[in-house]
Amino acid sequence: MEILIIEDEKLGAERLMNMLLEIDKSNTILGICKSIQASVKWLRENKKPDLIMMDIELSDGQCFEIFKQQPVEAPVIFTTSYDEYALKAFKVNSIDYLLKPIKKKN
Amino acid sequence: MTAKIKPLYIKVFLVVLFTAINLQVEKNFNYLPLPFILILLLVIGMWSLLFHLDQLIIAGTQRRFPAESDFQKRLLWSALAVALTSLSIMVTTDVLIQYLSFGSLEQVRINWAYQVLISVLLSVILFAFFEVLYRAEINTRLLAHKKELEKLQLQSSYEMLKAQVSPHFLFNSLNSLSALISKNPMRAEQFVDEMSTVYRYLLRSNENELSTLSEELHFIRAYGSMLKTRFDDGLQIRIHADDRLIYHKLPSLTLQLLVENAVKHNEVSEDKPLIIKIETGNDNKLCVRNNLQKKKGVVFSNKLGLKNIISRYRLLGMGTVDVTETETEFIVSLSLMA
């Protein structure tokens with residue numbers, strides 16, 4: 001699967017990347033975007049990923065802004081450290097949400 | 001509360017009871033040239049009207065003087081009004097019965113002493129009865145109110161405790177720690193130390209406490225270091241404290257709130273680093289400022305942080321908290337207590 005990671009914390013992104021590669025060696029990480037701005041730009045300029053792993057709190061705002069600026073057709077899995085945002089996430093097009101710290105079995 | 005006797009059958013019972021007593025007591029009814037059924041109807045009518053009106057009067061005084069302590073006012077007005085009303089109704093009925101019996105008003109005799117005595121007795125009994133019911137109702141209402149207050153207080157303590165634990169901060173930190181363990185074990189150990197310093201301080205401080213500037217800065221260094229592990233060079237905390245002010249006091253966790261606020265509302269990234277400066281100034285003042293680069297969109301915030309600090313300062317009589325927002329900077333200036 002070709003996966004895009006949207007996460008502003010370097011450690012978090014690295015950990016997620018390692019985990020995804022451990023689960024399936026054929027997974028490819030297409031990129032890591034740290035901000036709304038970077039994400040929107042990436043989505044405009046690149047082909048649709050198979051999956052997007054999206055952190056809700058980004059360095060310049062909340063990830064929901066991305067959806068306002070750019071249509072997202074790929075399936076999205078949200079990650080967050082606390083489930084306050086979970087309900088709002090469901091209103092946007094999503095599959096599931098994972099609570100941090102992310103456990104491999106999830 | 002309206003002094004209603006519910007249900008209806010109690011009312012009926014009382015009317016019947018008093019009618020029976022009345023007829024039993026008034027033996028001279030038997031000697032009147034009136035059909036018994038008429039007397040019966042008149043007496044029943046009298047008691048029904050009496051109870052109905054008296055009940056309305058007492059309900060009225062309860063509405064007019066609702067406090068439990070207004071007992072004397074209620075007693076005075078009720079007793080007077082009920083006695084007078086009962087007296088008039090009873091006398092009128094008595095006169096009516098006699099008039100119908102004798103055919104003229106000249107032979108009508110009113111035993112005033114007797115009528116007044118009955119009226120007063122009646123008013124006392126009725127008042128006592130309704131007063132008891134009224135008090136019971138006040139008590140139930142007070143109890144419910146107290147329970148509601150207790151519930152609110154409990155909820156508020158719970159929310160405060162939850163806020164102290166800072167779930168968001170906790171889980172973010174654990175996530176960072178998890179990544180550090182394999183990547184940089186030494187840093188991970190250091191991170192755990194910082195985390196325990198932070199949580200020890202977070203959990204032991206409560207709203208009423210003052211801490212020295214030295215304690216607050218010690219905590220903020222650990223807290224800041226943890227945040228820097230997450231944000232790298234995206235976050236910079238610079239501290240300049242005058243040694244003479246280092247043992248001055250301020251409300252616990254003030255600095256944590258301000259730093260948390262800055263991070264919550266502003267963009268934190270390596271291209272646009274957030275710089276928070278904590279500096280002491282003249283006049284025992286502490287200044288916390290950061291460059292303004294607000295996050296887009298809605299920030300989940302209940303806005304309590306700054307308000308909390310301002311109200312605590314006010315409660316402690318420590319003067320005002322000055323909050324200034326320019327185009328480029330956000331500045332909070334607070335006093336330190338000697």
# chains A, B, ... in the order shown; residues from 1 in each chain; ligands from 1

call {"tool": "interface_residues", "arguments": {"of": "chain B", "to": "chain A", "cutoff": "12 Å", "atoms": "only C-alpha atoms", "output": "PyMOL selection string"}}
result
chain B and resi 166-184+188+227-235+263-274+293-301

call {"tool": "select_by_dssp", "arguments": {"residues": "range 94-318 of chain B", "states": "alpha helix (DSSP H)", "output": "PyMOL selection string"}}
result
chain B and resi 94-102+112-165+167-183+185-204+213-231+254-265+304-315

call {"tool": "residues_around", "arguments": {"residues": "range 113-130 of chain B", "least_positions_apart": "5", "cutoff": "9 Å", "atoms": "only C-alpha atoms", "output": "PDB file with C-alpha atoms, in the first residue's frame"}}
result
ATOM      1  CA  ALA B   3     -52.734  24.851  49.875  1.00  0.00           C
ATOM      2  CA  LYS B   4     -54.914  22.426  48.061  1.00  0.00           C
ATOM      3  CA  ILE B   5     -56.309  19.482  49.839  1.00  0.00           C
ATOM      4  CA  PHE B  51     -63.102  25.155  53.594  1.00  0.00           C
ATOM      5  CA  ASP B  54     -60.087  29.339  53.923  1.00  0.00           C
ATOM      6  CA  GLN B  55     -57.829  27.212  51.808  1.00  0.00           C
ATOM      7  CA  ILE B  58     -53.990  30.349  53.465  1.00  0.00           C
ATOM      8  CA  ALA B  59     -52.524  29.648  50.016  1.00  0.00           C
ATOM      9  CA  ARG B  74     -48.354  33.977  57.886  1.00  0.00           C
ATOM     10  CA  LEU B  75     -49.906  33.119  61.229  1.00  0.00           C
ATOM     11  CA  SER B  78     -54.079  33.673  58.052  1.00  0.00           C
ATOM     12  CA  ALA B  79     -55.557  33.562  61.520  1.00  0.00           C
ATOM     13  CA  LEU B  80     -57.221  36.920  61.075  1.00  0.00           C
ATOM     14  CA  ALA B  81     -58.510  36.347  57.572  1.00  0.00           C
ATOM     15  CA  VAL B  82     -59.619  32.777  58.136  1.00  0.00           C
ATOM     16  CA  ALA B  83     -61.334  33.632  61.428  1.00  0.00           C
ATOM     17  CA  LEU B  84     -63.190  36.549  59.894  1.00  0.00           C
ATOM     18  CA  THR B  85     -64.210  34.625  56.799  1.00  0.00           C
ATOM     19  CA  SER B  86     -65.332  31.620  58.791  1.00  0.00           C
ATOM     20  CA  LEU B  87     -67.183  33.868  61.193  1.00  0.00           C
ATOM     21  CA  MET B  90     -71.125  30.725  59.813  1.00  0.00           C
ATOM     22  CA  VAL B  91     -73.125  33.694  61.056  1.00  0.00           C
ATOM     23  CA  ARG B 135     -42.960  23.230  55.789  1.00  0.00           C
TER      24      ARG B 135
END

call {"tool": "closest_residue", "arguments": {"among": "B:Pro185, B:Asp193, B:Thr280, B:Asn291", "to": "Glu327 in chain B", "atoms": "only C-alpha atoms"}}
result
B:Asn291

call {"tool": "residues_around", "arguments": {"residues": "Leu23 in chain B", "least_positions_apart": "3", "cutoff": "12 Å", "atoms": "only C-alpha atoms", "output": "PDB file with all heavy atoms, in the first residue's frame"}}
result
ATOM      1  N   VAL B  16     -68.172  16.383  55.398  1.00  0.00           N
ATOM      2  CA  VAL B  16     -69.140  15.468  56.028  1.00  0.00           C
ATOM      3  C   VAL B  16     -68.907  15.416  57.531  1.00  0.00           C
ATOM      4  O   VAL B  16     -69.843  15.497  58.333  1.00  0.00           O
ATOM      5  CB  VAL B  16     -69.018  14.053  55.400  1.00  0.00           C
ATOM      6  CG1 VAL B  16     -69.722  13.022  56.249  1.00  0.00           C
ATOM      7  CG2 VAL B  16     -69.563  14.055  53.990  1.00  0.00           C
ATOM      8  N   LEU B  17     -67.646  15.323  57.903  1.00  0.00           N
ATOM      9  CA  LEU B  17     -67.288  15.240  59.323  1.00  0.00           C
ATOM     10  C   LEU B  17     -67.798  16.460  60.093  1.00  0.00           C
ATOM     11  O   LEU B  17     -68.461  16.350  61.123  1.00  0.00           O
ATOM     12  CB  LEU B  17     -65.773  15.132  59.466  1.00  0.00           C
ATOM     13  CG  LEU B  17     -65.217  15.097  60.886  1.00  0.00           C
ATOM     14  CD1 LEU B  17     -65.633  13.790  61.555  1.00  0.00           C
ATOM     15  CD2 LEU B  17     -63.706  15.205  60.890  1.00  0.00           C
ATOM     16  N   PHE B  18     -67.472  17.628  59.557  1.00  0.00           N
ATOM     17  CA  PHE B  18     -67.860  18.854  60.252  1.00  0.00           C
ATOM     18  C   PHE B  18     -69.369  19.052  60.254  1.00  0.00           C
ATOM     19  O   PHE B  18     -69.937  19.581  61.212  1.00  0.00           O
ATOM     20  CB  PHE B  18     -67.135  20.063  59.648  1.00  0.00           C
ATOM     21  CG  PHE B  18     -65.767  20.273  60.225  1.00  0.00           C
ATOM     22  CD1 PHE B  18     -64.704  19.483  59.820  1.00  0.00           C
ATOM     23  CD2 PHE B  18     -65.561  21.225  61.209  1.00  0.00           C
ATOM     24  CE1 PHE B  18     -63.448  19.662  60.366  1.00  0.00           C
ATOM     25  CE2 PHE B  18     -64.291  21.402  61.768  1.00  0.00           C
ATOM     26  CZ  PHE B  18     -63.240  20.614  61.346  1.00  0.00           C
ATOM     27  N   THR B  19     -69.973  18.648  59.156  1.00  0.00           N
ATOM     28  CA  THR B  19     -71.437  18.724  59.120  1.00  0.00           C
ATOM     29  C   THR B  19     -72.029  17.871  60.237  1.00  0.00           C
ATOM     30  O   THR B  19     -72.903  18.300  60.976  1.00  0.00           O
ATOM     31  CB  THR B  19     -71.972  18.242  57.754  1.00  0.00           C
ATOM     32  OG1 THR B  19     -71.340  18.989  56.727  1.00  0.00           O
ATOM     33  CG2 THR B  19     -73.471  18.408  57.666  1.00  0.00           C
ATOM     34  N   ALA B  20     -71.512  16.665  60.348  1.00  0.00           N
ATOM     35  CA  ALA B  20     -72.020  15.738  61.359  1.00  0.00           C
ATOM     36  C   ALA B  20     -71.820  16.315  62.759  1.00  0.00           C
ATOM     37  O   ALA B  20     -72.738  16.311  63.587  1.00  0.00           O
ATOM     38  CB  ALA B  20     -71.329  14.389  61.221  1.00  0.00           C
ATOM     39  N   GLU B  26     -75.430  21.217  67.454  1.00  0.00           N
ATOM     40  CA  GLU B  26     -76.556  22.149  67.410  1.00  0.00           C
ATOM     41  C   GLU B  26     -77.880  21.407  67.607  1.00  0.00           C
ATOM     42  O   GLU B  26     -78.629  21.195  66.644  1.00  0.00           O
ATOM     43  CB  GLU B  26     -76.583  22.864  66.055  1.00  0.00           C
ATOM     44  CG  GLU B  26     -75.347  23.651  65.731  1.00  0.00           C
ATOM     45  CD  GLU B  26     -75.437  25.093  66.221  1.00  0.00           C
ATOM     46  OE1 GLU B  26     -76.504  25.497  66.697  1.00  0.00           O
ATOM     47  OE2 GLU B  26     -74.418  25.785  66.131  1.00  0.00           O
ATOM     48  N   LYS B  27     -78.115  21.044  68.862  1.00  0.00           N
ATOM     49  CA  LYS B  27     -79.343  20.270  69.103  1.00  0.00           C
ATOM     50  C   LYS B  27     -80.594  21.057  68.738  1.00  0.00           C
ATOM     51  O   LYS B  27     -81.609  20.491  68.377  1.00  0.00           O
ATOM     52  CB  LYS B  27     -79.416  19.865  70.588  1.00  0.00           C
ATOM     53  CG  LYS B  27     -78.388  18.854  71.029  1.00  0.00           C
ATOM     54  CD  LYS B  27     -78.793  17.450  70.558  1.00  0.00           C
ATOM     55  CE  LYS B  27     -78.047  16.345  71.284  1.00  0.00           C
ATOM     56  NZ  LYS B  27     -76.623  16.350  71.169  1.00  0.00           N
ATOM     57  N   ASN B  28     -80.510  22.396  68.838  1.00  0.00           N
ATOM     58  CA  ASN B  28     -81.722  23.179  68.571  1.00  0.00           C
ATOM     59  C   ASN B  28     -82.152  23.156  67.102  1.00  0.00           C
ATOM     60  O   ASN B  28     -83.209  23.655  66.762  1.00  0.00           O
ATOM     61  CB  ASN B  28     -81.573  24.627  69.070  1.00  0.00           C
ATOM     62  CG  ASN B  28     -80.202  25.176  68.738  1.00  0.00           C
ATOM     63  OD1 ASN B  28     -79.427  24.535  68.025  1.00  0.00           O
ATOM     64  ND2 ASN B  28     -79.900  26.326  69.282  1.00  0.00           N
ATOM     65  N   PHE B  29     -81.309  22.592  66.229  1.00  0.00           N
ATOM     66  CA  PHE B  29     -81.753  22.399  64.846  1.00  0.00           C
ATOM     67  C   PHE B  29     -83.009  21.523  64.823  1.00  0.00           C
ATOM     68  O   PHE B  29     -83.852  21.650  63.942  1.00  0.00           O
ATOM     69  CB  PHE B  29     -80.660  21.707  63.997  1.00  0.00           C
ATOM     70  CG  PHE B  29     -79.641  22.672  63.449  1.00  0.00           C
ATOM     71  CD1 PHE B  29     -78.405  22.210  63.015  1.00  0.00           C
ATOM     72  CD2 PHE B  29     -79.885  24.038  63.359  1.00  0.00           C
ATOM     73  CE1 PHE B  29     -77.446  23.082  62.515  1.00  0.00           C
ATOM     74  CE2 PHE B  29     -78.933  24.919  62.863  1.00  0.00           C
ATOM     75  CZ  PHE B  29     -77.704  24.432  62.435  1.00  0.00           C
ATOM     76  N   ASN B  30     -83.061  20.607  65.813  1.00  0.00           N
ATOM     77  CA  ASN B  30     -84.190  19.675  65.813  1.00  0.00           C
ATOM     78  C   ASN B  30     -85.516  20.374  66.096  1.00  0.00           C
ATOM     79  O   ASN B  30     -86.559  19.873  65.763  1.00  0.00           O
ATOM     80  CB  ASN B  30     -83.975  18.582  66.876  1.00  0.00           C
ATOM     81  CG  ASN B  30     -82.721  17.791  66.598  1.00  0.00           C
ATOM     82  OD1 ASN B  30     -82.314  17.690  65.441  1.00  0.00           O
ATOM     83  ND2 ASN B  30     -82.100  17.261  67.626  1.00  0.00           N
ATOM     84  N   PHE B  36     -85.617  18.802  57.630  1.00  0.00           N
ATOM     85  CA  PHE B  36     -84.223  18.420  57.971  1.00  0.00           C
ATOM     86  C   PHE B  36     -83.311  18.472  56.759  1.00  0.00           C
ATOM     87  O   PHE B  36     -82.161  18.893  56.842  1.00  0.00           O
ATOM     88  CB  PHE B  36     -84.204  17.018  58.596  1.00  0.00           C
ATOM     89  CG  PHE B  36     -82.811  16.556  58.922  1.00  0.00           C
ATOM     90  CD1 PHE B  36     -82.109  17.133  59.975  1.00  0.00           C
ATOM     91  CD2 PHE B  36     -82.181  15.569  58.150  1.00  0.00           C
ATOM     92  CE1 PHE B  36     -80.808  16.710  60.264  1.00  0.00           C
ATOM     93  CE2 PHE B  36     -80.903  15.149  58.440  1.00  0.00           C
ATOM     94  CZ  PHE B  36     -80.214  15.717  59.491  1.00  0.00           C
ATOM     95  N   ILE B  37     -83.854  18.066  55.643  1.00  0.00           N
ATOM     96  CA  ILE B  37     -83.023  17.991  54.442  1.00  0.00           C
ATOM     97  C   ILE B  37     -82.503  19.383  54.057  1.00  0.00           C
ATOM     98  O   ILE B  37     -81.368  19.541  53.601  1.00  0.00           O
ATOM     99  CB  ILE B  37     -83.799  17.326  53.267  1.00  0.00           C
ATOM    100  CG1 ILE B  37     -82.855  17.093  52.077  1.00  0.00           C
ATOM    101  CG2 ILE B  37     -84.969  18.144  52.832  1.00  0.00           C
ATOM    102  CD1 ILE B  37     -81.947  15.924  52.266  1.00  0.00           C
ATOM    103  N   ILE B  39     -81.972  21.903  56.161  1.00  0.00           N
ATOM    104  CA  ILE B  39     -80.915  22.243  57.122  1.00  0.00           C
ATOM    105  C   ILE B  39     -79.613  21.540  56.724  1.00  0.00           C
ATOM    106  O   ILE B  39     -78.540  22.149  56.708  1.00  0.00           O
ATOM    107  CB  ILE B  39     -81.310  21.836  58.563  1.00  0.00           C
ATOM    108  CG1 ILE B  39     -82.551  22.607  58.993  1.00  0.00           C
ATOM    109  CG2 ILE B  39     -80.154  22.079  59.505  1.00  0.00           C
ATOM    110  CD1 ILE B  39     -83.073  22.233  60.349  1.00  0.00           C
ATOM    111  N   LEU B  40     -79.762  20.268  56.409  1.00  0.00           N
ATOM    112  CA  LEU B  40     -78.592  19.478  56.038  1.00  0.00           C
ATOM    113  C   LEU B  40     -77.859  20.114  54.869  1.00  0.00           C
ATOM    114  O   LEU B  40     -76.633  20.302  54.900  1.00  0.00           O
ATOM    115  CB  LEU B  40     -79.014  18.047  55.682  1.00  0.00           C
ATOM    116  CG  LEU B  40     -77.896  17.074  55.342  1.00  0.00           C
ATOM    117  CD1 LEU B  40     -77.018  16.832  56.558  1.00  0.00           C
ATOM    118  CD2 LEU B  40     -78.462  15.751  54.836  1.00  0.00           C
ATOM    119  N   LEU B  41     -78.622  20.466  53.842  1.00  0.00           N
ATOM    120  CA  LEU B  41     -78.013  21.040  52.641  1.00  0.00           C
ATOM    121  C   LEU B  41     -77.309  22.362  52.962  1.00  0.00           C
ATOM    122  O   LEU B  41     -76.212  22.626  52.486  1.00  0.00           O
ATOM    123  CB  LEU B  41     -79.065  21.266  51.555  1.00  0.00           C
ATOM    124  CG  LEU B  41     -79.459  20.013  50.775  1.00  0.00           C
ATOM    125  CD1 LEU B  41     -80.638  20.301  49.856  1.00  0.00           C
ATOM    126  CD2 LEU B  41     -78.285  19.513  49.938  1.00  0.00           C
ATOM    127  N   LEU B  42     -77.982  23.169  53.777  1.00  0.00           N
ATOM    128  CA  LEU B  42     -77.388  24.456  54.122  1.00  0.00           C
ATOM    129  C   LEU B  42     -76.084  24.283  54.887  1.00  0.00           C
ATOM    130  O   LEU B  42     -75.082  24.962  54.623  1.00  0.00           O
ATOM    131  CB  LEU B  42     -78.369  25.279  54.976  1.00  0.00           C
ATOM    132  CG  LEU B  42     -79.478  25.987  54.189  1.00  0.00           C
ATOM    133  CD1 LEU B  42     -80.530  26.562  55.120  1.00  0.00           C
ATOM    134  CD2 LEU B  42     -78.873  27.093  53.322  1.00  0.00           C
ATOM    135  N   VAL B  43     -76.098  23.336  55.822  1.00  0.00           N
ATOM    136  CA  VAL B  43     -74.877  23.119  56.607  1.00  0.00           C
ATOM    137  C   VAL B  43     -73.744  22.580  55.727  1.00  0.00           C
ATOM    138  O   VAL B  43     -72.595  23.024  55.816  1.00  0.00           O
ATOM    139  CB  VAL B  43     -75.161  22.157  57.782  1.00  0.00           C
ATOM    140  CG1 VAL B  43     -73.863  21.777  58.476  1.00  0.00           C
ATOM    141  CG2 VAL B  43     -76.108  22.817  58.779  1.00  0.00           C
ATOM    142  N   ILE B  44     -74.086  21.614  54.879  1.00  0.00           N
ATOM    143  CA  ILE B  44     -73.063  21.077  53.965  1.00  0.00           C
ATOM    144  C   ILE B  44     -72.490  22.184  53.104  1.00  0.00           C
ATOM    145  O   ILE B  44     -71.267  22.317  52.928  1.00  0.00           O
ATOM    146  CB  ILE B  44     -73.637  19.951  53.082  1.00  0.00           C
ATOM    147  CG1 ILE B  44     -73.897  18.698  53.919  1.00  0.00           C
ATOM    148  CG2 ILE B  44     -72.678  19.624  51.939  1.00  0.00           C
ATOM    149  CD1 ILE B  44     -74.472  17.537  53.116  1.00  0.00           C
ATOM    150  N   TRP B  47     -70.075  24.467  55.136  1.00  0.00           N
ATOM    151  CA  TRP B  47     -68.739  23.907  55.359  1.00  0.00           C
ATOM    152  C   TRP B  47     -67.921  23.824  54.065  1.00  0.00           C
ATOM    153  O   TRP B  47     -66.714  24.067  54.063  1.00  0.00           O
ATOM    154  CB  TRP B  47     -68.826  22.533  56.026  1.00  0.00           C
ATOM    155  CG  TRP B  47     -69.200  22.642  57.483  1.00  0.00           C
ATOM    156  CD1 TRP B  47     -70.366  22.234  58.056  1.00  0.00           C
ATOM    157  CD2 TRP B  47     -68.423  23.220  58.523  1.00  0.00           C
ATOM    158  NE1 TRP B  47     -70.375  22.511  59.394  1.00  0.00           N
ATOM    159  CE2 TRP B  47     -69.194  23.116  59.701  1.00  0.00           C
ATOM    160  CE3 TRP B  47     -67.154  23.806  58.586  1.00  0.00           C
ATOM    161  CZ2 TRP B  47     -68.716  23.584  60.936  1.00  0.00           C
ATOM    162  CZ3 TRP B  47     -66.695  24.274  59.810  1.00  0.00           C
ATOM    163  CH2 TRP B  47     -67.475  24.164  60.967  1.00  0.00           C
TER     164      TRP B  47
END

call {"tool": "atom_distance", "arguments": {"atom1": "CA of Val132 in chain B", "atom2": "CA of His145 in chain B"}}
result
20.1 Å

call {"tool": "decode", "arguments": {"residues": "range 174-261 of chain B", "atoms": "C-alpha atoms", "output": "PDB file, in the first residue's frame"}}
result
ATOM      1  CA  LEU B 174       3.857   8.878  26.150  1.00  0.00           C
ATOM      2  CA  ASN B 175       3.776   8.753  22.402  1.00  0.00           C
ATOM      3  CA  SER B 176       7.048  10.653  22.192  1.00  0.00           C
ATOM      4  CA  LEU B 177       8.558   8.482  24.895  1.00  0.00           C
ATOM      5  CA  SER B 178       7.534   5.364  23.059  1.00  0.00           C
ATOM      6  CA  ALA B 179       9.458   6.476  19.987  1.00  0.00           C
ATOM      7  CA  LEU B 180      12.497   7.533  22.004  1.00  0.00           C
ATOM      8  CA  ILE B 181      12.937   4.210  23.764  1.00  0.00           C
ATOM      9  CA  SER B 182      14.294   2.379  20.781  1.00  0.00           C
ATOM     10  CA  LYS B 183      15.706   5.353  18.942  1.00  0.00           C
ATOM     11  CA  ASN B 184      17.587   7.035  21.773  1.00  0.00           C
ATOM     12  CA  PRO B 185      17.414   5.160  25.069  1.00  0.00           C
ATOM     13  CA  MET B 186      19.464   7.692  27.011  1.00  0.00           C
ATOM     14  CA  ARG B 187      17.220  10.497  25.946  1.00  0.00           C
ATOM     15  CA  ALA B 188      14.261   8.303  26.823  1.00  0.00           C
ATOM     16  CA  GLU B 189      15.526   7.941  30.389  1.00  0.00           C
ATOM     17  CA  GLN B 190      16.024  11.646  30.651  1.00  0.00           C
ATOM     18  CA  PHE B 191      12.537  12.132  29.295  1.00  0.00           C
ATOM     19  CA  VAL B 192      11.071   9.889  31.966  1.00  0.00           C
ATOM     20  CA  ASP B 193      12.878  11.896  34.660  1.00  0.00           C
ATOM     21  CA  GLU B 194      11.496  15.115  33.264  1.00  0.00           C
ATOM     22  CA  MET B 195       8.048  13.607  33.084  1.00  0.00           C
ATOM     23  CA  SER B 196       8.096  12.561  36.726  1.00  0.00           C
ATOM     24  CA  THR B 197       9.285  16.038  37.765  1.00  0.00           C
ATOM     25  CA  VAL B 198       6.446  17.545  35.797  1.00  0.00           C
ATOM     26  CA  TYR B 199       3.764  15.240  37.141  1.00  0.00           C
ATOM     27  CA  ARG B 200       4.954  15.493  40.702  1.00  0.00           C
ATOM     28  CA  TYR B 201       4.556  19.231  40.438  1.00  0.00           C
ATOM     29  CA  LEU B 202       1.292  19.088  38.512  1.00  0.00           C
ATOM     30  CA  LEU B 203      -0.387  16.800  40.964  1.00  0.00           C
ATOM     31  CA  ARG B 204       0.850  18.351  44.172  1.00  0.00           C
ATOM     32  CA  SER B 205       0.005  21.911  43.287  1.00  0.00           C
ATOM     33  CA  ASN B 206      -3.539  22.951  43.809  1.00  0.00           C
ATOM     34  CA  GLU B 207      -5.378  26.148  43.148  1.00  0.00           C
ATOM     35  CA  ASN B 208      -4.765  27.752  46.495  1.00  0.00           C
ATOM     36  CA  GLU B 209      -1.072  27.370  46.597  1.00  0.00           C
ATOM     37  CA  LEU B 210       1.682  29.781  45.940  1.00  0.00           C
ATOM     38  CA  SER B 211       5.040  28.629  44.702  1.00  0.00           C
ATOM     39  CA  THR B 212       8.333  30.428  44.543  1.00  0.00           C
ATOM     40  CA  LEU B 213       9.550  31.604  41.171  1.00  0.00           C
ATOM     41  CA  SER B 214      12.438  29.217  41.589  1.00  0.00           C
ATOM     42  CA  GLU B 215      10.092  26.218  41.925  1.00  0.00           C
ATOM     43  CA  GLU B 216       7.997  27.324  38.982  1.00  0.00           C
ATOM     44  CA  LEU B 217      11.089  27.771  36.779  1.00  0.00           C
ATOM     45  CA  HIS B 218      12.481  24.378  37.810  1.00  0.00           C
ATOM     46  CA  PHE B 219       9.216  22.836  36.736  1.00  0.00           C
ATOM     47  CA  ILE B 220       9.021  24.845  33.512  1.00  0.00           C
ATOM     48  CA  ARG B 221      12.508  23.738  32.500  1.00  0.00           C
ATOM     49  CA  ALA B 222      11.472  20.091  32.780  1.00  0.00           C
ATOM     50  CA  TYR B 223       8.136  20.793  31.103  1.00  0.00           C
ATOM     51  CA  GLY B 224       9.799  22.796  28.355  1.00  0.00           C
ATOM     52  CA  SER B 225      12.362  20.092  27.770  1.00  0.00           C
ATOM     53  CA  MET B 226       9.587  17.542  27.317  1.00  0.00           C
ATOM     54  CA  LEU B 227       7.844  19.790  24.848  1.00  0.00           C
ATOM     55  CA  LYS B 228      11.084  20.322  22.978  1.00  0.00           C
ATOM     56  CA  THR B 229      11.448  16.588  22.533  1.00  0.00           C
ATOM     57  CA  ARG B 230       8.170  16.691  20.699  1.00  0.00           C
ATOM     58  CA  PHE B 231       8.699  19.885  18.764  1.00  0.00           C
ATOM     59  CA  ASP B 232      12.487  19.935  18.347  1.00  0.00           C
ATOM     60  CA  ASP B 233      13.644  23.434  17.530  1.00  0.00           C
ATOM     61  CA  GLY B 234      10.106  24.445  16.728  1.00  0.00           C
ATOM     62  CA  LEU B 235       9.760  25.527  20.343  1.00  0.00           C
ATOM     63  CA  GLN B 236      12.242  27.644  22.257  1.00  0.00           C
ATOM     64  CA  ILE B 237      11.841  28.711  25.861  1.00  0.00           C
ATOM     65  CA  ARG B 238      14.213  31.407  27.083  1.00  0.00           C
ATOM     66  CA  ILE B 239      14.397  32.250  30.756  1.00  0.00           C
ATOM     67  CA  HIS B 240      15.964  35.373  32.262  1.00  0.00           C
ATOM     68  CA  ALA B 241      15.322  35.643  35.964  1.00  0.00           C
ATOM     69  CA  ASP B 242      16.821  38.113  38.401  1.00  0.00           C
ATOM     70  CA  ASP B 243      18.349  36.284  41.344  1.00  0.00           C
ATOM     71  CA  ARG B 244      16.844  38.738  43.755  1.00  0.00           C
ATOM     72  CA  LEU B 245      13.342  37.802  42.716  1.00  0.00           C
ATOM     73  CA  ILE B 246      13.875  34.074  42.607  1.00  0.00           C
ATOM     74  CA  TYR B 247      12.199  33.442  45.972  1.00  0.00           C
ATOM     75  CA  HIS B 248       9.259  35.699  45.331  1.00  0.00           C
ATOM     76  CA  LYS B 249       5.934  33.938  45.021  1.00  0.00           C
ATOM     77  CA  LEU B 250       3.186  33.479  42.458  1.00  0.00           C
ATOM     78  CA  PRO B 251       0.204  31.125  42.070  1.00  0.00           C
ATOM     79  CA  SER B 252       1.276  27.560  41.303  1.00  0.00           C
ATOM     80  CA  LEU B 253       1.198  26.440  37.704  1.00  0.00           C
ATOM     81  CA  THR B 254       0.831  29.976  36.341  1.00  0.00           C
ATOM     82  CA  LEU B 255       3.791  29.471  34.017  1.00  0.00           C
ATOM     83  CA  GLN B 256       2.517  26.085  32.879  1.00  0.00           C
ATOM     84  CA  LEU B 257      -0.812  27.594  31.908  1.00  0.00           C
ATOM     85  CA  LEU B 258       0.825  30.397  29.972  1.00  0.00           C
ATOM     86  CA  VAL B 259       3.225  28.124  28.115  1.00  0.00           C
ATOM     87  CA  GLU B 260       0.466  25.633  27.371  1.00  0.00           C
ATOM     88  CA  ASN B 261      -1.679  28.448  26.017  1.00  0.00           C
TER      89      ASN B 261
END
